[in-house]
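Next up, coords.cif (mmCIF, C-alpha atoms):
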```
data_structure
#
loop_
_atom_site.label_atom_id
_atom_site.label_comp_id
_atom_site.auth_asym_id
_atom_site.auth_seq_id
_atom_site.Cartn_x
_atom_site.Cartn_y
_atom_site.Cartn_z
CA MET A 1 -35.55 30.80 14.93
CA ARG A 2 -37.35 27.92 13.21
CA LEU A 3 -35.52 28.71 9.98
CA LEU A 4 -32.16 28.59 11.77
CA LEU A 5 -33.09 25.29 13.40
CA PHE A 6 -34.15 23.87 10.02
CA LEU A 7 -30.91 24.99 8.40
CA LEU A 8 -28.90 23.48 11.25
CA ILE A 9 -30.68 20.14 10.99
CA THR A 10 -30.23 20.15 7.21
CA ALA A 11 -26.53 20.96 7.54
CA LEU A 12 -26.04 18.19 10.07
CA GLY A 13 -27.84 15.80 7.77
CA LEU A 14 -25.58 16.72 4.87
CA MET A 15 -22.52 16.33 7.05
CA ALA A 16 -23.72 12.90 8.12
CA GLN A 17 -23.97 11.89 4.45
CA ALA A 18 -20.47 13.16 3.55
CA GLY A 19 -18.92 9.80 4.35
CA PRO A 20 -19.20 6.76 6.59
CA SER A 21 -18.18 7.01 10.23
CA THR A 22 -15.01 5.07 9.34
CA ARG A 23 -13.39 3.88 6.12
CA GLU A 24 -11.85 0.83 7.81
CA LEU A 25 -13.55 -2.48 7.04
CA ASN A 26 -12.17 -3.71 10.34
CA ASP A 27 -14.03 -1.02 12.29
CA ILE A 28 -17.26 -0.42 10.40
CA ASN A 29 -20.55 -1.92 11.59
CA TRP A 30 -22.32 -4.30 9.21
CA MET A 31 -25.44 -2.14 9.03
CA GLU A 32 -23.46 0.96 8.10
CA PHE A 33 -21.47 -1.06 5.58
CA GLN A 34 -24.75 -2.15 4.00
CA GLU A 35 -25.83 1.48 3.73
CA TRP A 36 -22.66 2.58 1.96
CA ALA A 37 -21.31 -0.33 -0.07
CA PRO A 38 -21.71 -0.81 -2.92
CA SER A 39 -24.44 1.80 -3.54
CA ARG A 40 -22.28 4.80 -2.57
CA ILE A 41 -18.80 3.31 -2.20
CA GLN A 42 -17.68 0.94 -4.95
CA THR A 43 -13.92 0.91 -4.36
CA VAL A 44 -11.89 -1.01 -1.79
CA LEU A 45 -8.18 -0.62 -1.09
CA LEU A 46 -6.35 -3.80 -0.04
CA PRO A 47 -2.87 -3.21 1.47
CA ALA A 48 -0.44 -6.13 1.18
CA GLY A 49 2.96 -6.56 2.80
CA THR A 50 5.07 -8.92 4.86
CA LEU A 51 7.37 -9.05 7.89
CA GLU A 52 11.06 -8.82 7.02
CA ALA A 53 14.21 -6.97 8.09
CA HIS A 54 14.36 -3.35 6.93
CA GLY A 55 17.61 -1.82 8.08
CA VAL A 56 16.83 0.56 10.96
CA VAL A 57 13.05 0.73 10.50
CA ASN A 58 10.41 -1.72 11.67
CA ASN A 59 10.21 -5.27 10.32
CA GLY A 60 6.65 -4.51 9.31
CA ALA A 61 7.59 -1.56 7.08
CA ASP A 62 6.04 -3.35 4.10
CA ASN A 63 2.76 -3.32 6.02
CA THR A 64 3.09 0.14 7.56
CA ALA A 65 3.65 1.85 4.20
CA PRO A 66 0.67 0.52 2.20
CA VAL A 67 -1.70 0.86 5.16
CA ALA A 68 -0.77 4.53 5.59
CA LEU A 69 -1.10 5.06 1.86
CA ALA A 70 -4.53 3.43 1.75
CA ARG A 71 -5.78 5.50 4.67
CA ALA A 72 -4.54 8.73 3.09
CA MET A 73 -6.02 7.85 -0.29
CA ALA A 74 -9.40 6.46 0.79
CA PRO A 75 -11.30 9.74 1.32
CA LYS A 76 -9.79 11.20 -1.86
CA ILE A 77 -11.17 8.40 -4.04
CA ASN A 78 -14.22 7.46 -1.95
CA ALA A 79 -12.95 4.04 -0.94
CA LEU A 80 -12.96 1.71 2.02
CA VAL A 81 -9.77 0.15 3.40
CA ALA A 82 -9.55 -3.60 3.92
CA PRO A 83 -7.33 -5.05 6.68
CA VAL A 84 -3.74 -5.48 5.55
CA LEU A 85 -2.45 -8.85 4.31
CA ASN A 86 0.42 -8.64 6.78
CA TYR A 87 2.19 -11.95 6.16
CA GLY A 88 3.68 -12.45 2.72
CA VAL A 89 6.18 -14.33 0.59
CA THR A 90 9.55 -13.11 1.85
CA GLY A 91 12.65 -13.87 -0.19
CA SER A 92 16.37 -13.97 0.66
CA LEU A 93 16.00 -11.82 3.80
CA ASP A 94 14.14 -14.53 5.69
CA GLY A 95 17.30 -15.42 7.59
CA PHE A 96 17.14 -12.15 9.56
CA ALA A 97 15.60 -12.11 13.03
CA GLY A 98 11.87 -11.50 13.21
CA THR A 99 11.30 -12.20 9.53
CA PHE A 100 8.45 -14.46 8.38
CA SER A 101 7.56 -16.05 5.07
CA ILE A 102 4.40 -17.78 3.90
CA SER A 103 4.68 -20.53 1.29
CA GLU A 104 3.53 -19.55 -2.17
CA PRO A 105 0.66 -22.10 -2.31
CA ALA A 106 -0.69 -20.99 1.09
CA TYR A 107 -0.35 -17.31 0.20
CA ARG A 108 -2.02 -17.76 -3.17
CA ALA A 109 -4.96 -19.63 -1.63
CA PHE A 110 -5.42 -17.06 1.15
CA VAL A 111 -5.17 -14.05 -1.17
CA THR A 112 -7.65 -15.70 -3.55
CA ASP A 113 -10.20 -16.13 -0.77
CA VAL A 114 -9.71 -12.56 0.51
CA MET A 115 -10.18 -11.03 -2.95
CA THR A 116 -13.15 -13.30 -3.60
CA GLY A 117 -14.73 -12.10 -0.36
CA LEU A 118 -14.29 -8.46 -1.35
CA ALA A 119 -15.85 -9.16 -4.74
CA ARG A 120 -18.81 -10.95 -3.15
CA ASN A 121 -19.40 -7.96 -0.90
CA GLY A 122 -20.22 -5.97 -4.00
CA PHE A 123 -17.13 -3.85 -4.61
CA ARG A 124 -16.65 -2.90 -8.24
CA ASN A 125 -13.04 -1.70 -7.99
CA LEU A 126 -10.43 -3.71 -6.09
CA ILE A 127 -7.16 -1.80 -5.69
CA VAL A 128 -4.23 -3.72 -4.19
CA ILE A 129 -1.56 -1.45 -2.72
CA ASN A 130 1.44 -3.72 -2.47
CA GLY A 131 4.35 -2.97 -0.15
CA HIS A 132 6.54 -5.98 -0.89
CA GLY A 133 8.15 -7.19 -4.11
CA GLY A 134 9.68 -10.43 -5.31
CA PRO A 135 7.44 -13.40 -6.13
CA GLN A 136 4.63 -11.85 -4.08
CA THR A 137 4.01 -9.29 -6.83
CA ALA A 138 3.56 -11.97 -9.46
CA ILE A 139 1.12 -13.87 -7.25
CA LEU A 140 -0.95 -10.76 -6.56
CA ASN A 141 -1.03 -9.84 -10.24
CA ASP A 142 -2.14 -13.31 -11.24
CA VAL A 143 -4.79 -13.72 -8.55
CA ALA A 144 -6.21 -10.23 -9.11
CA GLU A 145 -6.63 -10.89 -12.82
CA LYS A 146 -8.33 -14.23 -12.20
CA ILE A 147 -10.69 -12.73 -9.60
CA GLY A 148 -11.48 -9.86 -11.94
CA ARG A 149 -12.32 -12.20 -14.78
CA GLU A 150 -14.33 -14.66 -12.65
CA HIS A 151 -16.35 -12.08 -10.71
CA ARG A 152 -16.39 -9.30 -13.34
CA ILE A 153 -14.81 -6.68 -11.13
CA ARG A 154 -12.04 -4.24 -12.03
CA THR A 155 -8.69 -4.90 -10.34
CA LEU A 156 -5.45 -2.96 -10.08
CA VAL A 157 -2.22 -4.00 -8.32
CA VAL A 158 0.34 -1.26 -7.64
CA ASN A 159 3.84 -1.59 -6.17
CA TRP A 160 3.97 1.88 -4.66
CA TRP A 161 7.79 2.28 -4.52
CA ALA A 162 8.24 1.18 -8.13
CA TYR A 163 5.44 3.32 -9.51
CA CYS A 164 6.78 6.32 -7.59
CA SER A 165 10.45 5.86 -8.51
CA ASP A 166 10.37 9.22 -10.30
CA VAL A 167 9.16 10.82 -7.06
CA THR A 168 12.16 9.29 -5.31
CA MET A 169 14.51 10.88 -7.84
CA LYS A 170 12.73 14.24 -7.63
CA VAL A 171 12.70 14.47 -3.82
CA PHE A 172 16.09 12.90 -3.02
CA GLY A 173 18.01 13.48 -6.22
CA GLU A 174 19.06 9.82 -6.38
CA ASP A 175 17.68 6.31 -6.53
CA GLY A 176 16.54 4.50 -3.40
CA GLY A 177 16.51 0.93 -2.22
CA HIS A 178 14.96 -1.66 0.01
CA ALA A 179 15.13 0.07 3.43
CA GLY A 180 17.10 2.78 1.63
CA TRP A 181 16.62 6.52 1.92
CA ASN A 182 13.23 6.52 0.19
CA GLU A 183 11.60 3.67 2.12
CA THR A 184 13.14 4.76 5.41
CA ALA A 185 11.89 8.30 4.79
CA PHE A 186 8.41 7.01 4.00
CA ILE A 187 8.24 5.25 7.36
CA GLN A 188 9.79 8.29 9.06
CA ALA A 189 6.95 10.44 7.71
CA ILE A 190 4.37 7.97 9.04
CA ASP A 191 5.83 7.37 12.51
CA ARG A 192 9.27 8.57 13.61
CA GLU A 193 9.15 6.13 16.53
CA LEU A 194 9.62 3.29 14.05
CA VAL A 195 12.95 4.67 12.80
CA HIS A 196 16.20 4.11 14.74
CA PRO A 197 18.99 6.26 13.23
CA GLU A 198 21.23 5.53 16.24
CA ARG A 199 21.49 1.93 14.97
CA TYR A 200 22.47 2.89 11.44
CA LYS A 201 25.87 2.29 9.86
CA PRO A 202 26.60 2.75 6.13
CA SER A 203 28.24 -0.69 6.14
CA GLN A 204 24.78 -2.19 6.69
CA ALA A 205 23.92 -1.43 3.04
CA THR A 206 24.80 -3.51 -0.02
CA ALA A 207 24.10 -2.65 -3.64
CA ARG A 208 21.80 -5.06 -5.47
CA PRO A 209 23.92 -7.21 -7.79
CA ALA A 210 23.46 -6.96 -11.53
CA ALA A 211 21.44 -9.79 -13.02
CA GLY A 212 23.58 -12.92 -13.17
CA ALA A 213 26.51 -11.34 -11.28
CA TRP A 214 26.23 -13.08 -7.90
CA SER A 215 23.72 -14.48 -5.45
CA ALA A 216 23.89 -15.02 -1.70
CA TYR A 217 21.59 -16.53 0.89
CA PRO A 218 20.77 -14.99 3.23
CA PHE A 219 21.38 -11.70 1.48
CA PRO A 220 24.19 -10.05 3.51
CA SER A 221 22.36 -6.78 4.20
CA SER A 222 18.79 -5.75 4.93
CA ILE A 223 19.44 -2.39 3.24
CA ILE A 224 19.63 -3.16 -0.48
CA LEU A 225 20.57 -0.22 -2.70
CA TYR A 226 19.14 -0.15 -6.21
CA GLN A 227 22.21 1.70 -7.52
CA PRO A 228 25.78 1.58 -6.11
CA GLY A 229 26.51 4.65 -4.00
CA GLN A 230 22.88 5.85 -3.99
CA GLY A 231 20.06 5.56 -1.49
CA TYR A 232 21.88 5.53 1.85
CA PRO A 233 19.41 6.66 4.57
CA LYS A 234 19.89 10.29 5.68
CA PHE A 235 16.92 10.80 8.07
CA ASP A 236 15.85 14.23 6.75
CA GLN A 237 12.39 14.88 8.20
CA ALA A 238 11.44 17.64 5.76
CA LYS A 239 12.26 15.47 2.77
CA ALA A 240 10.50 12.52 4.40
CA ASP A 241 7.29 14.51 4.76
CA ALA A 242 7.57 15.86 1.21
CA TYR A 243 8.14 12.37 -0.14
CA PHE A 244 5.09 10.94 1.64
CA ALA A 245 2.85 13.73 0.36
CA ALA A 246 4.13 13.35 -3.21
CA VAL A 247 3.66 9.58 -3.19
CA VAL A 248 0.10 9.91 -1.90
CA GLU A 249 -0.63 12.45 -4.62
CA LYS A 250 0.76 10.29 -7.44
CA MET A 251 -0.87 7.09 -6.22
CA THR A 252 -4.23 8.84 -5.84
CA ALA A 253 -3.97 10.28 -9.34
CA LEU A 254 -3.23 6.83 -10.78
CA VAL A 255 -6.25 5.18 -9.16
CA LYS A 256 -8.55 8.03 -10.24
CA GLU A 257 -7.23 7.80 -13.80
CA ILE A 258 -7.65 4.03 -14.03
CA ILE A 259 -11.20 4.10 -12.61
CA ALA A 260 -12.14 6.95 -14.99
CA LYS A 261 -10.86 4.92 -17.97
CA TRP A 262 -12.76 1.84 -16.79
CA ASP A 263 -15.91 3.94 -16.53
CA GLU A 264 -15.38 5.60 -19.89
CA ALA A 265 -15.04 2.20 -21.56
CA LYS A 266 -18.13 0.98 -19.65
CA LEU A 267 -16.26 -2.04 -18.37
CA PHE A 268 -18.13 -4.37 -16.01
CA GLN A 269 -20.98 -1.96 -15.44
CA ARG A 270 -23.58 -2.81 -12.81
#
```

So that I can check it, write out the structure of this file as structure tokens.
Amino acid sequence: MRLLLFLLITALGLMAQAGPSTRELNDINWMEFQEWAPSRIQTVLLPAGTLEAHGVVNNGADNTAPVALARAMAPKINALVAPVLNYGVTGSLDGFAGTFSISEPAYRAFVTDVMTGLARNGFRNLIVINGHGGPQTAILNDVAEKIGREHRIRTLVVNWWAYCSDVTMKVFGEDGGHAGWNETAFIQAIDRELVHPERYKPSQATARPAAGAWSAYPFPSSIILYQPGQGYPKFDQAKADAYFAAVVEKMTALVKEIIAKWDEAKLFQR
């Protein structure tokens, strides 16, 4: 009986050490954070997005996607998840209702302070999972490099939809788009309540113009196809779920690979 009790206590102790009670920086207690980071958890995932029109999915799709990705990836790479940077630098869609845009100087200053704070909390690997393109990507890339150099931490910025473009082709058999089949499916896999197929019309989509062809403000459609005739939303749940799983797998593999290469090269060891 004593042996069984000892084994039970040991097992419970091991289970308690398997991971923190939560991987959300927003929800963890400071004392538990101190116990885990950076001694046992050296990686933080920082989702970044914005609020802008996205066809028939939520305006916050660029926040919803990287947050879901970060949460799915965190236990696989032993990371914590920072609160999402949910206001960003929106481009030519800022004329649509409910869309917000932060000025580049304000965004750059805020992002710099957030990344600096994560570095000062002892994280060795700062992984930005970006859900929104345009000038925001360039700002994130620049700030992440500067923070990495100044604080001697390793940084990686990933635009999930661009890095996983091959997954889009494999799952859907065609290219996607902003609020196109791929991004709509990604949100559909996360929360079907955020998708409104009853509001969809193919005329809501416009193909992205070739460089130098034409420019319009506001852009006439919130569904922007990367290739003419490809990427119209089709609301296939099975493909949506398959796409989400494949994106999580590829993104996780990338982060593991980059961290392993950093470690192998003994970069910024502590």

Identify, on the basis of all atoms listed in the file, every residue whose closest approach to stretch 206-216 of chain A does not exceed 6 Å; exclude the query and any residue fewer than 5 positions from it along the same chain; express the result as JSON, numbers by chain.
{"A": [221, 224, 225, 226, 228]}

On this structure, the PyMOL selection byres ((chain A and resi 70-74) around 12) would catch which residues? List them as a PDB file with C-alpha atoms, in the frame of the given file, sorted by chain and number.
```
ATOM      1  CA  GLY A  19     -18.920   9.800   4.350  1.00  0.00           C
ATOM      2  CA  PRO A  20     -19.200   6.760   6.590  1.00  0.00           C
ATOM      3  CA  THR A  22     -15.010   5.070   9.340  1.00  0.00           C
ATOM      4  CA  ARG A  23     -13.390   3.880   6.120  1.00  0.00           C
ATOM      5  CA  GLU A  24     -11.850   0.830   7.810  1.00  0.00           C
ATOM      6  CA  LEU A  25     -13.550  -2.480   7.040  1.00  0.00           C
ATOM      7  CA  ILE A  41     -18.800   3.310  -2.200  1.00  0.00           C
ATOM      8  CA  GLN A  42     -17.680   0.940  -4.950  1.00  0.00           C
ATOM      9  CA  THR A  43     -13.920   0.910  -4.360  1.00  0.00           C
ATOM     10  CA  VAL A  44     -11.890  -1.010  -1.790  1.00  0.00           C
ATOM     11  CA  LEU A  45      -8.180  -0.620  -1.090  1.00  0.00           C
ATOM     12  CA  LEU A  46      -6.350  -3.800  -0.040  1.00  0.00           C
ATOM     13  CA  PRO A  47      -2.870  -3.210   1.470  1.00  0.00           C
ATOM     14  CA  ALA A  48      -0.440  -6.130   1.180  1.00  0.00           C
ATOM     15  CA  ASN A  63       2.760  -3.320   6.020  1.00  0.00           C
ATOM     16  CA  THR A  64       3.090   0.140   7.560  1.00  0.00           C
ATOM     17  CA  ALA A  65       3.650   1.850   4.200  1.00  0.00           C
ATOM     18  CA  PRO A  66       0.670   0.520   2.200  1.00  0.00           C
ATOM     19  CA  VAL A  67      -1.700   0.860   5.160  1.00  0.00           C
ATOM     20  CA  ALA A  68      -0.770   4.530   5.590  1.00  0.00           C
ATOM     21  CA  LEU A  69      -1.100   5.060   1.860  1.00  0.00           C
ATOM     22  CA  PRO A  75     -11.300   9.740   1.320  1.00  0.00           C
ATOM     23  CA  LYS A  76      -9.790  11.200  -1.860  1.00  0.00           C
ATOM     24  CA  ILE A  77     -11.170   8.400  -4.040  1.00  0.00           C
ATOM     25  CA  ASN A  78     -14.220   7.460  -1.950  1.00  0.00           C
ATOM     26  CA  ALA A  79     -12.950   4.040  -0.940  1.00  0.00           C
ATOM     27  CA  LEU A  80     -12.960   1.710   2.020  1.00  0.00           C
ATOM     28  CA  VAL A  81      -9.770   0.150   3.400  1.00  0.00           C
ATOM     29  CA  ALA A  82      -9.550  -3.600   3.920  1.00  0.00           C
ATOM     30  CA  PRO A  83      -7.330  -5.050   6.680  1.00  0.00           C
ATOM     31  CA  VAL A  84      -3.740  -5.480   5.550  1.00  0.00           C
ATOM     32  CA  ILE A 127      -7.160  -1.800  -5.690  1.00  0.00           C
ATOM     33  CA  VAL A 128      -4.230  -3.720  -4.190  1.00  0.00           C
ATOM     34  CA  ILE A 129      -1.560  -1.450  -2.720  1.00  0.00           C
ATOM     35  CA  ASN A 130       1.440  -3.720  -2.470  1.00  0.00           C
ATOM     36  CA  GLY A 131       4.350  -2.970  -0.150  1.00  0.00           C
ATOM     37  CA  VAL A 158       0.340  -1.260  -7.640  1.00  0.00           C
ATOM     38  CA  TRP A 160       3.970   1.880  -4.660  1.00  0.00           C
ATOM     39  CA  ILE A 190       4.370   7.970   9.040  1.00  0.00           C
ATOM     40  CA  PHE A 244       5.090  10.940   1.640  1.00  0.00           C
ATOM     41  CA  ALA A 245       2.850  13.730   0.360  1.00  0.00           C
ATOM     42  CA  ALA A 246       4.130  13.350  -3.210  1.00  0.00           C
ATOM     43  CA  VAL A 247       3.660   9.580  -3.190  1.00  0.00           C
ATOM     44  CA  VAL A 248       0.100   9.910  -1.900  1.00  0.00           C
ATOM     45  CA  GLU A 249      -0.630  12.450  -4.620  1.00  0.00           C
ATOM     46  CA  LYS A 250       0.760  10.290  -7.440  1.00  0.00           C
ATOM     47  CA  MET A 251      -0.870   7.090  -6.220  1.00  0.00           C
ATOM     48  CA  THR A 252      -4.230   8.840  -5.840  1.00  0.00           C
ATOM     49  CA  ALA A 253      -3.970  10.280  -9.340  1.00  0.00           C
ATOM     50  CA  LEU A 254      -3.230   6.830 -10.780  1.00  0.00           C
ATOM     51  CA  VAL A 255      -6.250   5.180  -9.160  1.00  0.00           C
ATOM     52  CA  LYS A 256      -8.550   8.030 -10.240  1.00  0.00           C
TER      53      LYS A 256
END
```

Considering all atoms listed in the file, tabulate each residue of stretch 117-198 of chain A that lies at most 12 Å from stretch 261-270 of chain A along with its nearest interatomic pair and the corresponding distance in Å to one decimal; arrange the rows by chain and ascending residue number and present them as a tab-separated table.
```
residue	atom	partner	partner_atom	distance
A:Gly122	CA	A:Arg270	CA	9.9
A:Phe123	CA	A:Arg270	CA	10.5
A:Arg124	CA	A:Phe268	CA	8.0
A:Asn125	CA	A:Trp262	CA	9.5
A:Gly148	CA	A:Phe268	CA	9.5
A:Arg149	CA	A:Phe268	CA	9.8
A:Glu150	CA	A:Phe268	CA	11.5
A:His151	CA	A:Phe268	CA	9.5
A:Arg152	CA	A:Phe268	CA	5.9
A:Ile153	CA	A:Phe268	CA	6.3
A:Arg154	CA	A:Phe268	CA	7.3
A:Thr155	CA	A:Trp262	CA	10.2
A:Leu156	CA	A:Trp262	CA	11.0
```

Apply the PyMOL selection byres ((chain A and resi 237) around 10) to the file shown and report the selected residues as a short mmCIF file (atom, residue, chain, number, x, y, z; two decimals) with C-alpha atoms, in the coordinates of the input.
```
data_model
loop_
_atom_site.label_atom_id
_atom_site.label_comp_id
_atom_site.auth_asym_id
_atom_site.auth_seq_id
_atom_site.Cartn_x
_atom_site.Cartn_y
_atom_site.Cartn_z
CA ALA A 185 11.89 8.30 4.79
CA PHE A 186 8.41 7.01 4.00
CA GLN A 188 9.79 8.29 9.06
CA ALA A 189 6.95 10.44 7.71
CA ARG A 192 9.27 8.57 13.61
CA LYS A 234 19.89 10.29 5.68
CA PHE A 235 16.92 10.80 8.07
CA ASP A 236 15.85 14.23 6.75
CA ALA A 238 11.44 17.64 5.76
CA LYS A 239 12.26 15.47 2.77
CA ALA A 240 10.50 12.52 4.40
CA ASP A 241 7.29 14.51 4.76
CA ALA A 242 7.57 15.86 1.21
CA TYR A 243 8.14 12.37 -0.14
#
```

Exercise. Apply the PyMOL selection byres ((chain A and resi 201-205) around 9) to the structure shown and report the selected residues as a list of chain:residue names.
Key: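 When the PyMOL selection byres ((chain A and resi 201-205) around 9) is applied, the selected residues are A:Gly55, A:Ala179, A:Gly180, A:Pro197, A:Glu198, A:Arg199, A:Tyr200, A:Thr206, A:Ala207, A:Pro220, A:Ser221, A:Ser222, A:Ile223, A:Ile224, A:Leu225, A:Tyr232, A:Pro233.
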
Give me a file of those residues, with C-alpha atoms, as a compact mmCIF listing (two decimals), in the frame of the given file.
```txt
# COMPACT_ATOMS: atom_id res chain seq x y z
CA GLY A 55 17.61 -1.82 8.08
CA ALA A 179 15.13 0.07 3.43
CA GLY A 180 17.10 2.78 1.63
CA PRO A 197 18.99 6.26 13.23
CA GLU A 198 21.23 5.53 16.24
CA ARG A 199 21.49 1.93 14.97
CA TYR A 200 22.47 2.89 11.44
CA THR A 206 24.80 -3.51 -0.02
CA ALA A 207 24.10 -2.65 -3.64
CA PRO A 220 24.19 -10.05 3.51
CA SER A 221 22.36 -6.78 4.20
CA SER A 222 18.79 -5.75 4.93
CA ILE A 223 19.44 -2.39 3.24
CA ILE A 224 19.63 -3.16 -0.48
CA LEU A 225 20.57 -0.22 -2.70
CA TYR A 232 21.88 5.53 1.85
CA PRO A 233 19.41 6.66 4.57
```

With distances taken over all atoms listed in the file, which residue among A:Asp166, A:Gly177, A:His54, A:Val89 lies nearest A:Ala138?
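Selected residue with least distance to A:Ala138: A:Val89.
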